[in-house]
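Visitor: Below is the structure I would like to discuss, written out as structure tokens.
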Amino acid sequence: MSAPPLVLLHGFLGSAADWHPLRAALGTERVYLAPTLPGHGAEPAPVPEDDDDALLGVVAFLLAHAPPEPFDLVGYSMGGRLALALLAAAPERVRRAVIVSASPGLEDEGERAARRELDRVRAAALRALPFELWLETWYGMPLFDTLRASAAYPAMLARRLRGHPDALAAALEAFSPGRQPPLRQRLATCPVPALLMAGALDAKYVASNRALAEANPAFEAMTVADAGHAPQLERPDDFHDAVRRWLDRP
């Protein structure tokens with residue numbers, strides 16, 4: 001019997017091309033659906049105009065275009081948040097999931113408001129600064145220390161430079177975690193087996209994953225040694241092995 005279809009959701013600034021190494025590692029037995037999300041890529045699709053419904057609107061779009069049979073799901077960072085929202089909205093559509101470096105949302109409205117403002121400021125800078133300078137500032141955050149030191153960073157940065165700053169700025173605001181409904185309570189009863197992955201050096205997401213896994217016996221938290229926020233780039237062999245093992249479980 002052939003493997004289930006696999007839906008792959010990239011992170012902010014990314015594109016479908018980010019998943020080429022994983023597809024090569026998993027082989028040709030699957031059908032892959034790796035959309036380039038709104039605001040991203042060389043020819044960006046428009047970001048939904050209503051920021052407050054943007055994430056849920058993309059989830060609805062993905063469900064409408066996903067395979068009709070139960071599919072497997074992998075999402076990273078922003079794509080991981082979309083994947084979690086998809087699990088909460090339609091768990092019956094997903095067979096297994098891998099969620100990488102993603103949050104189920106901020107519970108406190110004050111924190112959400114602060115994050116919306118922070119992403120508004122970041123988006124304004126993205127529109128105003130030379131794109132290369134803005135990317136240097138973005139990846140200069142401590143969150144990406146280990147990514148910058150990895151061998152994969154130069155090629156990844158070259159891919160990022162193909163994006164369109166205005167479209168990416170719209171995506172940054174629309175898909176801000178400050179606009180994402182908190183999903184922790186809904187995910188506590190989600191029946192889909194989900195592997196919650198984080199780099200061992202990414203303490204915030206390690207702790208968040210453990211809390212989610214403690215609340216839901218269908219979830220399992222794991223860490224990737226010597227990796228930060230982007231284990232799929234920093235430790236690709238370990239990442240590919242973990243995804244393969246999880247998706248191949250009966």
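We name chains A, B, ... following the order of the structure tokens; residues begin at 1 in each chain, and ligands are numbered from 1 as shown.
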Using only C-alpha atoms, tabulate the residues of stretch 127-243 of chain A lying at most 10 Å from any atom of stretch 112-115 of chain A, each with its closest atom pair and that distance in Å to one decimal, by chain and increasing residue number, as a Markdown table.
Guide:
| residue | atom | partner | partner_atom | distance |
| --- | --- | --- | --- | --- |
| A:Glu173 | CA | A:Arg115 | CA | 9.8 |
| A:Ser176 | CA | A:Arg115 | CA | 7.2 |
| A:Pro177 | CA | A:Arg115 | CA | 6.8 |
| A:Gly178 | CA | A:Arg112 | CA | 3.9 |
| A:Arg179 | CA | A:Arg112 | CA | 6.9 |
| A:Gln180 | CA | A:Arg112 | CA | 8.2 |
| A:Pro181 | CA | A:Arg112 | CA | 9.3 |
| A:Pro182 | CA | A:Arg112 | CA | 9.5 |
Visitor: Only N, CA and C atoms, please: the residues just picked out, written as a PDB file, in the first residue's frame.
Guide:
ATOM      1  N   GLU A 173       2.495  40.799   9.214  1.00  0.00           N
ATOM      2  CA  GLU A 173       1.426  41.376  10.038  1.00  0.00           C
ATOM      3  C   GLU A 173       0.212  40.447  10.116  1.00  0.00           C
ATOM      4  N   SER A 176       0.865  37.223  12.225  1.00  0.00           N
ATOM      5  CA  SER A 176       1.519  37.435  13.514  1.00  0.00           C
ATOM      6  C   SER A 176       0.928  36.515  14.580  1.00  0.00           C
ATOM      7  N   PRO A 177       1.754  35.951  15.468  1.00  0.00           N
ATOM      8  CA  PRO A 177       1.207  35.193  16.598  1.00  0.00           C
ATOM      9  C   PRO A 177       0.239  36.019  17.439  1.00  0.00           C
ATOM     10  N   GLY A 178       0.363  37.349  17.367  1.00  0.00           N
ATOM     11  CA  GLY A 178      -0.569  38.197  18.093  1.00  0.00           C
ATOM     12  C   GLY A 178      -1.979  38.171  17.531  1.00  0.00           C
ATOM     13  N   ARG A 179      -2.144  37.683  16.311  1.00  0.00           N
ATOM     14  CA  ARG A 179      -3.471  37.562  15.701  1.00  0.00           C
ATOM     15  C   ARG A 179      -3.981  36.123  15.712  1.00  0.00           C
ATOM     16  N   GLN A 180      -3.175  35.215  16.196  1.00  0.00           N
ATOM     17  CA  GLN A 180      -3.550  33.800  16.184  1.00  0.00           C
ATOM     18  C   GLN A 180      -4.394  33.466  17.402  1.00  0.00           C
ATOM     19  N   PRO A 181      -5.561  32.860  17.210  1.00  0.00           N
ATOM     20  CA  PRO A 181      -6.340  32.424  18.377  1.00  0.00           C
ATOM     21  C   PRO A 181      -5.556  31.381  19.175  1.00  0.00           C
ATOM     22  N   PRO A 182      -5.567  31.481  20.504  1.00  0.00           N
ATOM     23  CA  PRO A 182      -4.867  30.464  21.297  1.00  0.00           C
ATOM     24  C   PRO A 182      -5.551  29.111  21.158  1.00  0.00           C
TER      25      PRO A 182
END
Visitor: Atom CA of A:Arg244 and atom CA of A:Gly27, how far apart in Å?
Guide: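 It comes out at 10.1 Å.
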Visitor: Quick one, how far is atom CA of A:Leu56 from atom CA of A:Leu183?
Guide: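 Going from atom CA of A:Leu56 over to atom CA of A:Leu183, I get 12.0 Å.
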Visitor: Would you tabulate, counting only C-alpha atoms, all residues of stretch 44-97 of chain A that have an atom at most 7 Å from an atom of stretch 5-23 of chain A, showing the closest pair of atoms and their distance in Å to one decimal, sorted by chain then ascending number, as a Markdown table?
Guide:
| residue | atom | partner | partner_atom | distance |
| --- | --- | --- | --- | --- |
| A:Phe71 | CA | A:Pro5 | CA | 5.0 |
| A:Asp72 | CA | A:Leu6 | CA | 4.6 |
| A:Leu73 | CA | A:Val7 | CA | 4.8 |
| A:Val74 | CA | A:Leu8 | CA | 4.9 |
| A:Gly75 | CA | A:Leu9 | CA | 4.5 |
| A:Tyr76 | CA | A:Gly11 | CA | 5.3 |
| A:Ser77 | CA | A:Gly11 | CA | 5.1 |
| A:Met78 | CA | A:Gly11 | CA | 4.6 |
| A:Gly79 | CA | A:Leu9 | CA | 4.6 |
| A:Gly80 | CA | A:Leu9 | CA | 6.9 |
Visitor: Can those selected residues be exported to a file as a PDB file, in the first residue's frame so that it contains N, CA and C atoms?
Guide:
ATOM      1  N   PHE A  71      -4.344  12.657   5.295  1.00  0.00           N
ATOM      2  CA  PHE A  71      -2.977  12.948   4.861  1.00  0.00           C
ATOM      3  C   PHE A  71      -2.076  13.168   6.063  1.00  0.00           C
ATOM      4  N   ASP A  72      -0.785  13.032   5.820  1.00  0.00           N
ATOM      5  CA  ASP A  72       0.205  13.395   6.830  1.00  0.00           C
ATOM      6  C   ASP A  72       0.548  14.874   6.671  1.00  0.00           C
ATOM      7  N   LEU A  73       1.090  15.463   7.736  1.00  0.00           N
ATOM      8  CA  LEU A  73       1.261  16.908   7.783  1.00  0.00           C
ATOM      9  C   LEU A  73       2.562  17.254   8.486  1.00  0.00           C
ATOM     10  N   VAL A  74       3.355  18.133   7.875  1.00  0.00           N
ATOM     11  CA  VAL A  74       4.571  18.663   8.504  1.00  0.00           C
ATOM     12  C   VAL A  74       4.535  20.182   8.369  1.00  0.00           C
ATOM     13  N   GLY A  75       4.753  20.890   9.474  1.00  0.00           N
ATOM     14  CA  GLY A  75       4.777  22.342   9.430  1.00  0.00           C
ATOM     15  C   GLY A  75       5.889  22.891  10.297  1.00  0.00           C
ATOM     16  N   TYR A  76       6.536  23.944   9.799  1.00  0.00           N
ATOM     17  CA  TYR A  76       7.648  24.564  10.517  1.00  0.00           C
ATOM     18  C   TYR A  76       7.329  26.015  10.867  1.00  0.00           C
ATOM     19  N   SER A  77       7.508  26.394  12.120  1.00  0.00           N
ATOM     20  CA  SER A  77       7.395  27.766  12.604  1.00  0.00           C
ATOM     21  C   SER A  77       6.042  28.348  12.205  1.00  0.00           C
ATOM     22  N   MET A  78       5.985  29.362  11.351  1.00  0.00           N
ATOM     23  CA  MET A  78       4.691  29.887  10.928  1.00  0.00           C
ATOM     24  C   MET A  78       3.848  28.781  10.308  1.00  0.00           C
ATOM     25  N   GLY A  79       4.453  27.933   9.485  1.00  0.00           N
ATOM     26  CA  GLY A  79       3.738  26.795   8.922  1.00  0.00           C
ATOM     27  C   GLY A  79       3.313  25.798   9.975  1.00  0.00           C
ATOM     28  N   GLY A  80       4.088  25.702  11.052  1.00  0.00           N
ATOM     29  CA  GLY A  80       3.703  24.845  12.166  1.00  0.00           C
ATOM     30  C   GLY A  80       2.486  25.383  12.893  1.00  0.00           C
TER      31      GLY A  80
END
Visitor: Go ahead and compute the interatomic distance for atom CA of A:Arg30 and atom CA of A:Phe61, in Å to one decimal.
Guide: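 Computed distance, atom CA of A:Arg30 to atom CA of A:Phe61, equals 21.6 Å.
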Visitor: I need the residues of stretch 113-238 of chain A that end up classed as alpha helix (DSSP H) by DSSP on the backbone, written out as number ranges by chain.
Guide: A: 113-128, 131-138, 145-148, 153-160, 165-174, 184-187, 203-215, 231-234, 236-238
Visitor: Using only C-alpha atoms, which residues of stretch 4-110 of chain A come within 8 Å of stretch 152-171 of chain A, and what is the closest atom pair for each, with the distance in Å to one decimal? Give it as a Markdown table, sorted by chain and residue number.
Guide:
| residue | atom | partner | partner_atom | distance |
| --- | --- | --- | --- | --- |
| A:Leu13 | CA | A:Arg160 | CA | 6.1 |
| A:Gly14 | CA | A:Arg160 | CA | 6.6 |
| A:Pro38 | CA | A:Ala171 | CA | 6.9 |
| A:Gly39 | CA | A:Ala167 | CA | 4.6 |
| A:His40 | CA | A:Leu168 | CA | 6.1 |
| A:Gly41 | CA | A:Gly163 | CA | 5.3 |
| A:Ala42 | CA | A:Gly163 | CA | 5.7 |
| A:Pro44 | CA | A:Ala167 | CA | 6.8 |
| A:Pro46 | CA | A:Ala167 | CA | 7.4 |
| A:Val47 | CA | A:Ala171 | CA | 6.1 |
Visitor: Emit the selected residues as a short mmCIF file (atom, residue, chain, number, x, y, z; two decimals), in the first residue's frame, including C-alpha atoms.
Guide:
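Full text of again.cif as output:
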data_model
loop_
_atom_site.label_atom_id
_atom_site.label_comp_id
_atom_site.auth_asym_id
_atom_site.auth_seq_id
_atom_site.Cartn_x
_atom_site.Cartn_y
_atom_site.Cartn_z
CA LEU A 13 10.21 33.98 4.54
CA GLY A 14 10.29 30.44 3.14
CA PRO A 38 0.45 33.81 0.74
CA GLY A 39 2.94 36.66 0.59
CA HIS A 40 5.85 34.33 -0.15
CA GLY A 41 7.79 33.14 -3.16
CA ALA A 42 8.82 34.72 -6.45
CA PRO A 44 3.43 35.81 -4.10
CA PRO A 46 -2.07 37.96 -1.98
CA VAL A 47 -2.36 37.89 1.78
#
Visitor: Just list as a PyMOL selection string whatever in stretch 192-244 of chain A DSSP marks as strand (DSSP E).
Guide: chain A and resi 194-199+219-224
Visitor: Can you spit out the residues from that selection as a JSON list (two decimals), in the first residue's frame, using C-alpha atoms?
Guide:
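Saved to selection_32.json:
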[["chain", "number", "residue", "atom", "x", "y", "z"],
["A", 194, "ALA", "CA", 1.62, 14.58, 16.54],
["A", 195, "LEU", "CA", 5.38, 14.78, 17.00],
["A", 196, "LEU", "CA", 6.28, 18.16, 18.51],
["A", 197, "MET", "CA", 9.87, 18.87, 17.54],
["A", 198, "ALA", "CA", 12.27, 21.58, 18.66],
["A", 199, "GLY", "CA", 16.00, 22.11, 18.67],
["A", 219, "PHE", "CA", 1.31, 14.10, 21.27],
["A", 220, "GLU", "CA", 4.98, 13.36, 21.74],
["A", 221, "ALA", "CA", 7.70, 15.97, 22.32],
["A", 222, "MET", "CA", 11.25, 15.47, 21.08],
["A", 223, "THR", "CA", 14.37, 17.59, 20.87],
["A", 224, "VAL", "CA", 17.05, 17.62, 18.19]]
Visitor: Rank nothing, just name the residue among A:Ala149, A:Glu136, A:Pro193, A:Ala188 nearest to A:Asp226, using only C-alpha atoms.
Guide: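 Closest residue, counting only C-alpha atoms: A:Ala149.
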Visitor: Between A:Arg184, A:Lys204, A:Arg210, A:Arg81, which has the minimum distance to A:Val58 (counting only C-alpha atoms)?
Guide: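 Going through A:Arg184, A:Lys204, A:Arg210, A:Arg81 one by one, the smallest distance to A:Val58 is for A:Arg81.
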Visitor: Just checking: using only C-alpha atoms, which residue out of A:Ala85, A:Ala3, A:Ala225, A:Ala54 ends up closest to A:Glu69?
Guide: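 Looking only at the distances to A:Glu69, the closest residue turns out to be A:Ala3.
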